[in-house]
Every structure is written in structure tokens, then in C-alpha cells.
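**Student:** Below is the file input.pdb, which contains PDB, C-alpha atoms, pLDDT in the B column.
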```
ATOM      1  CA  MET A   1     151.378 176.825 119.011  1.00 55.00           C
ATOM      2  CA  SER A   2     149.893 178.245 115.834  1.00 71.00           C
ATOM      3  CA  LYS A   3     150.761 181.820 116.832  1.00 79.00           C
ATOM      4  CA  VAL A   4     154.365 180.881 117.541  1.00 83.00           C
ATOM      5  CA  VAL A   5     154.669 179.100 114.197  1.00 79.00           C
ATOM      6  CA  SER A   6     153.109 182.094 112.418  1.00 80.00           C
ATOM      7  CA  ILE A   7     155.580 184.458 114.070  1.00 85.00           C
ATOM      8  CA  ILE A   8     158.476 182.200 113.045  1.00 82.00           C
ATOM      9  CA  TYR A   9     157.235 182.104 109.438  1.00 81.00           C
ATOM     10  CA  PHE A  10     156.878 185.879 109.402  1.00 86.00           C
ATOM     11  CA  CYS A  11     160.405 186.381 110.749  1.00 86.00           C
ATOM     12  CA  ILE A  12     161.959 183.939 108.300  1.00 82.00           C
ATOM     13  CA  GLY A  13     160.038 185.423 105.363  1.00 83.00           C
ATOM     14  CA  PHE A  14     160.977 188.951 106.419  1.00 87.00           C
ATOM     15  CA  ILE A  15     164.679 188.196 106.836  1.00 84.00           C
ATOM     16  CA  GLU A  16     164.940 186.260 103.592  1.00 81.00           C
ATOM     17  CA  THR A  17     163.144 188.905 101.552  1.00 84.00           C
ATOM     18  CA  TYR A  18     165.283 191.663 103.048  1.00 85.00           C
ATOM     19  CA  LEU A  19     168.516 189.794 102.337  1.00 80.00           C
ATOM     20  CA  ILE A  20     167.448 188.808  98.824  1.00 81.00           C
ATOM     21  CA  MET A  21     166.703 192.435  98.029  1.00 82.00           C
ATOM     22  CA  SER A  22     170.028 193.478  99.520  1.00 79.00           C
ATOM     23  CA  PHE A  23     172.221 191.031  97.617  1.00 76.00           C
ATOM     24  CA  TYR A  24     170.392 189.679  94.552  1.00 78.00           C
ATOM     25  CA  ILE A  25     168.733 192.770  93.060  1.00 76.00           C
ATOM     26  CA  PRO A  26     171.473 194.756  91.302  1.00 74.00           C
ATOM     27  CA  SER A  27     169.746 198.128  91.610  1.00 74.00           C
ATOM     28  CA  LEU A  28     169.620 197.771  95.400  1.00 70.00           C
ATOM     29  CA  GLN A  29     173.255 196.696  95.799  1.00 72.00           C
ATOM     30  CA  ILE A  30     176.113 198.995  96.649  1.00 76.00           C
ATOM     31  CA  ALA A  31     179.252 198.842  94.533  1.00 76.00           C
ATOM     32  CA  LEU A  32     181.785 198.805  97.321  1.00 72.00           C
ATOM     33  CA  ILE A  33     185.227 197.276  97.416  1.00 80.00           C
ATOM     34  CA  ALA A  34     185.741 196.494 101.069  1.00 77.00           C
ATOM     35  CA  ALA A  35     185.992 193.698 103.578  1.00 81.00           C
ATOM     36  CA  PRO A  36     183.089 191.225 103.454  1.00 77.00           C
ATOM     37  CA  LEU A  37     181.623 192.435 106.751  1.00 79.00           C
ATOM     38  CA  ASP A  38     181.704 196.085 105.646  1.00 80.00           C
ATOM     39  CA  PHE A  39     180.085 195.133 102.330  1.00 77.00           C
ATOM     40  CA  PHE A  40     177.412 193.128 104.176  1.00 78.00           C
ATOM     41  CA  LEU A  41     176.586 195.977 106.564  1.00 81.00           C
ATOM     42  CA  ALA A  42     176.566 198.597 103.803  1.00 81.00           C
ATOM     43  CA  ASN A  43     174.138 196.586 101.675  1.00 77.00           C
ATOM     44  CA  ILE A  44     171.826 195.957 104.604  1.00 80.00           C
ATOM     45  CA  THR A  45     171.672 199.588 105.685  1.00 82.00           C
ATOM     46  CA  SER A  46     171.159 201.156 102.270  1.00 79.00           C
ATOM     47  CA  THR A  47     167.526 201.976 101.346  1.00 82.00           C
ATOM     48  CA  TRP A  48     166.366 200.210 104.492  1.00 84.00           C
ATOM     49  CA  ILE A  49     162.902 201.821 104.610  1.00 87.00           C
ATOM     50  CA  PHE A  50     161.939 200.535 101.145  1.00 87.00           C
ATOM     51  CA  LYS A  51     163.387 197.096 101.851  1.00 86.00           C
ATOM     52  CA  THR A  52     161.590 196.902 105.199  1.00 88.00           C
ATOM     53  CA  ILE A  53     158.206 197.735 103.686  1.00 89.00           C
ATOM     54  CA  ILE A  54     158.561 195.120 100.946  1.00 88.00           C
ATOM     55  CA  ALA A  55     159.925 192.526 103.409  1.00 88.00           C
ATOM     56  CA  VAL A  56     156.972 193.063 105.778  1.00 91.00           C
ATOM     57  CA  ILE A  57     154.560 192.474 102.892  1.00 90.00           C
ATOM     58  CA  PHE A  58     156.319 189.236 101.937  1.00 86.00           C
ATOM     59  CA  GLY A  59     156.494 188.147 105.582  1.00 86.00           C
ATOM     60  CA  ILE A  60     152.728 188.588 105.851  1.00 88.00           C
ATOM     61  CA  LEU A  61     152.263 186.630 102.605  1.00 85.00           C
ATOM     62  CA  THR A  62     154.433 183.794 103.946  1.00 81.00           C
ATOM     63  CA  THR A  63     152.413 183.666 107.155  1.00 83.00           C
ATOM     64  CA  GLY A  64     149.156 183.779 105.189  1.00 83.00           C
ATOM     65  CA  LEU A  65     150.295 180.913 102.982  1.00 79.00           C
ATOM     66  CA  HIS A  66     151.067 178.823 106.031  1.00 77.00           C
ATOM     67  CA  LEU A  67     147.716 179.590 107.648  1.00 79.00           C
ATOM     68  CA  LEU A  68     145.889 178.809 104.401  1.00 78.00           C
ATOM     69  CA  LEU A  69     147.622 175.447 104.110  1.00 74.00           C
ATOM     70  CA  VAL A  70     146.946 174.621 107.763  1.00 74.00           C
ATOM     71  CA  ARG A  71     143.230 175.367 107.413  1.00 76.00           C
ATOM     72  CA  LYS A  72     142.924 172.838 104.591  1.00 70.00           C
ATOM     73  CA  LYS A  73     144.311 170.253 107.059  1.00 69.00           C
ATOM     74  CA  LYS A  74     145.850 168.000 104.443  1.00 66.00           C
ATOM     75  CA  ASN A  75     149.243 166.650 105.469  1.00 68.00           C
ATOM     76  CA  ILE A  76     149.911 169.589 107.784  1.00 68.00           C
ATOM     77  CA  LYS A  77     153.177 168.177 109.099  1.00 73.00           C
ATOM     78  CA  LYS A  78     154.532 167.424 105.625  1.00 73.00           C
ATOM     79  CA  ILE A  79     153.570 170.858 104.296  1.00 70.00           C
ATOM     80  CA  THR A  80     155.069 172.600 107.332  1.00 72.00           C
ATOM     81  CA  ILE A  81     158.319 170.647 107.057  1.00 75.00           C
ATOM     82  CA  LEU A  82     158.597 171.363 103.315  1.00 74.00           C
ATOM     83  CA  LEU A  83     157.905 175.075 103.793  1.00 73.00           C
ATOM     84  CA  VAL A  84     160.457 175.327 106.602  1.00 76.00           C
ATOM     85  CA  LEU A  85     163.079 173.464 104.556  1.00 78.00           C
ATOM     86  CA  LEU A  86     162.457 175.737 101.572  1.00 76.00           C
ATOM     87  CA  LEU A  87     162.831 178.846 103.718  1.00 75.00           C
ATOM     88  CA  ILE A  88     165.987 177.530 105.413  1.00 77.00           C
ATOM     89  CA  ILE A  89     167.622 176.555 102.112  1.00 78.00           C
ATOM     90  CA  THR A  90     166.861 179.985 100.678  1.00 75.00           C
ATOM     91  CA  LEU A  91     168.256 181.685 103.781  1.00 73.00           C
ATOM     92  CA  ILE A  92     171.467 179.646 103.611  1.00 76.00           C
ATOM     93  CA  GLY A  93     171.855 180.552  99.929  1.00 73.00           C
ATOM     94  CA  VAL A  94     171.397 184.244 100.645  1.00 69.00           C
ATOM     95  CA  ILE A  95     173.869 184.247 103.534  1.00 70.00           C
ATOM     96  CA  THR A  96     176.544 182.373 101.587  1.00 71.00           C
ATOM     97  CA  ARG A  97     176.050 184.723  98.615  1.00 65.00           C
ATOM     98  CA  SER A  98     176.453 187.780 100.827  1.00 58.00           C
ATOM     99  CA  PHE A  99     179.871 186.693 102.133  1.00 60.00           C
ATOM    100  CA  SER A 100     181.360 185.511  98.845  1.00 57.00           C
TER     101      SER A 100
END
```
Let me see whether you can do it: turn the structure in this file into C-alpha cells.
**Tutor:**
Amino acid sequence: MSKVVSIIYFCIGFIETYLIMSFYIPSLQIALIAAPLDFFLANITSTWIFKTIIAVIFGILTTGLHLLLVRKKKNIKKITILLVLLLIITLIGVITRSFS
């Protein structure tokens, strides 16, 4: 169970970091006047190697944070629920920003 949860945290952290870098950091955005889907795909595919490296680092940090909190064994369920909610809210914000 712990491995599955760690993989989920890594994936969520990776995706969120990649999308945040694609749409919230002005120097990594593309100035393109196009349909929303074309804009989304262009931002995701530009400088993908750099974004992937940084996103992997943040995904590992997210997983490490979860494992550190689980090892302390204080309110594991509450901490896990709060961390998941925080990651989901951030992901929703990034996705809605990318299509606006």
C-alpha cells in the first residue's frame, strides 16, 4: 500500500510541477495566439527536458515528504488527506489556468 501511495504522490507532484512551470513561469511560456488546445500543447512541449528534470526532483521531494510524515506516525490519515487535497486543488488551478 505504501509503495502505491508513494507512486501516486510522485505522479501528482511531477504533473503539477511540470504544468506550473509550463503556465505560471513567464520565461517558460510561449507567446502564441492560437486555439486553447494548441496553446496547451505548445507550452507543454517547449523546453520539455528542463521541465522534466525539475519535475522529477519535485516529485521525489513530494514522495519524500509523504514518507517522512508517515514515519512520524502522527495522524497519518489526516496528513495524507490534507496533502492529497492540497495537490488536487493545485492541479485543478493549473488546469483551469491553462485553458483560460
**Student:** Could you expand the PyMOL selection byres ((chain A and resi 51) around 12) into the explicit residues it covers here, written as a ChimeraX atom specification?
**Tutor:** /A:14-23,25,28-29,43-50,52-59
**Student:** Between atom CA of A:Thr63 and atom CA of A:Phe10, what distance in Å does the model show, to one decimal?
**Tutor:**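 Computing the Euclidean distance for atom CA of A:Thr63 and atom CA of A:Phe10 yields 5.5 Å.
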**Student:** Taking all atoms listed in the file into account, name the residue in A:Cys11, A:Val4, A:Ala35, A:Leu82 that is nearest to A:Thr62.
**Tutor:** A:Cys11
**Student:** Could you tell me how far atom CA of A:Phe39 sits from atom CA of A:Tyr9, in Å to one decimal place?
**Tutor:** 27.2 Å
**Student:** Using the chain letters and numbers from the file, which residues does the PyMOL selection byres ((chain A and resi 89-91) around 9) grab, as a list in words?
**Tutor:** Ile12, Ile15, Glu16, Leu19, Ile20, Val84, Leu85, Leu86, Leu87, Ile88, Ile92, Gly93, Val94, Ile95 and Thr96 of chain A
**Student:** For each of A:Lys72, A:Phe40, A:Leu67, A:Lys78, take the minimum atom-to-atom distance to A:Lys3, counting only C-alpha atoms, then give the residue where this is smallest.
**Tutor:** A:Leu67
**Student:** Have a look at atom CA of A:Leu83 and atom CA of A:Leu61 and let me know their distance in Å, one decimal.
**Tutor:** 12.9 Å
**Student:** If you take every atom of stretch 31-38 of chain A that the file lists and fit an axis-aligned box around them with 5 Å extra on each side, what centre and edge lengths come out in Å to one decimal, as AutoDock Vina command-line options?
**Tutor:**
```
--center_x 182.6 --center_y 195.0 --center_z 100.6 --size_x 16.7 --size_y 17.6 --size_z 22.2
```
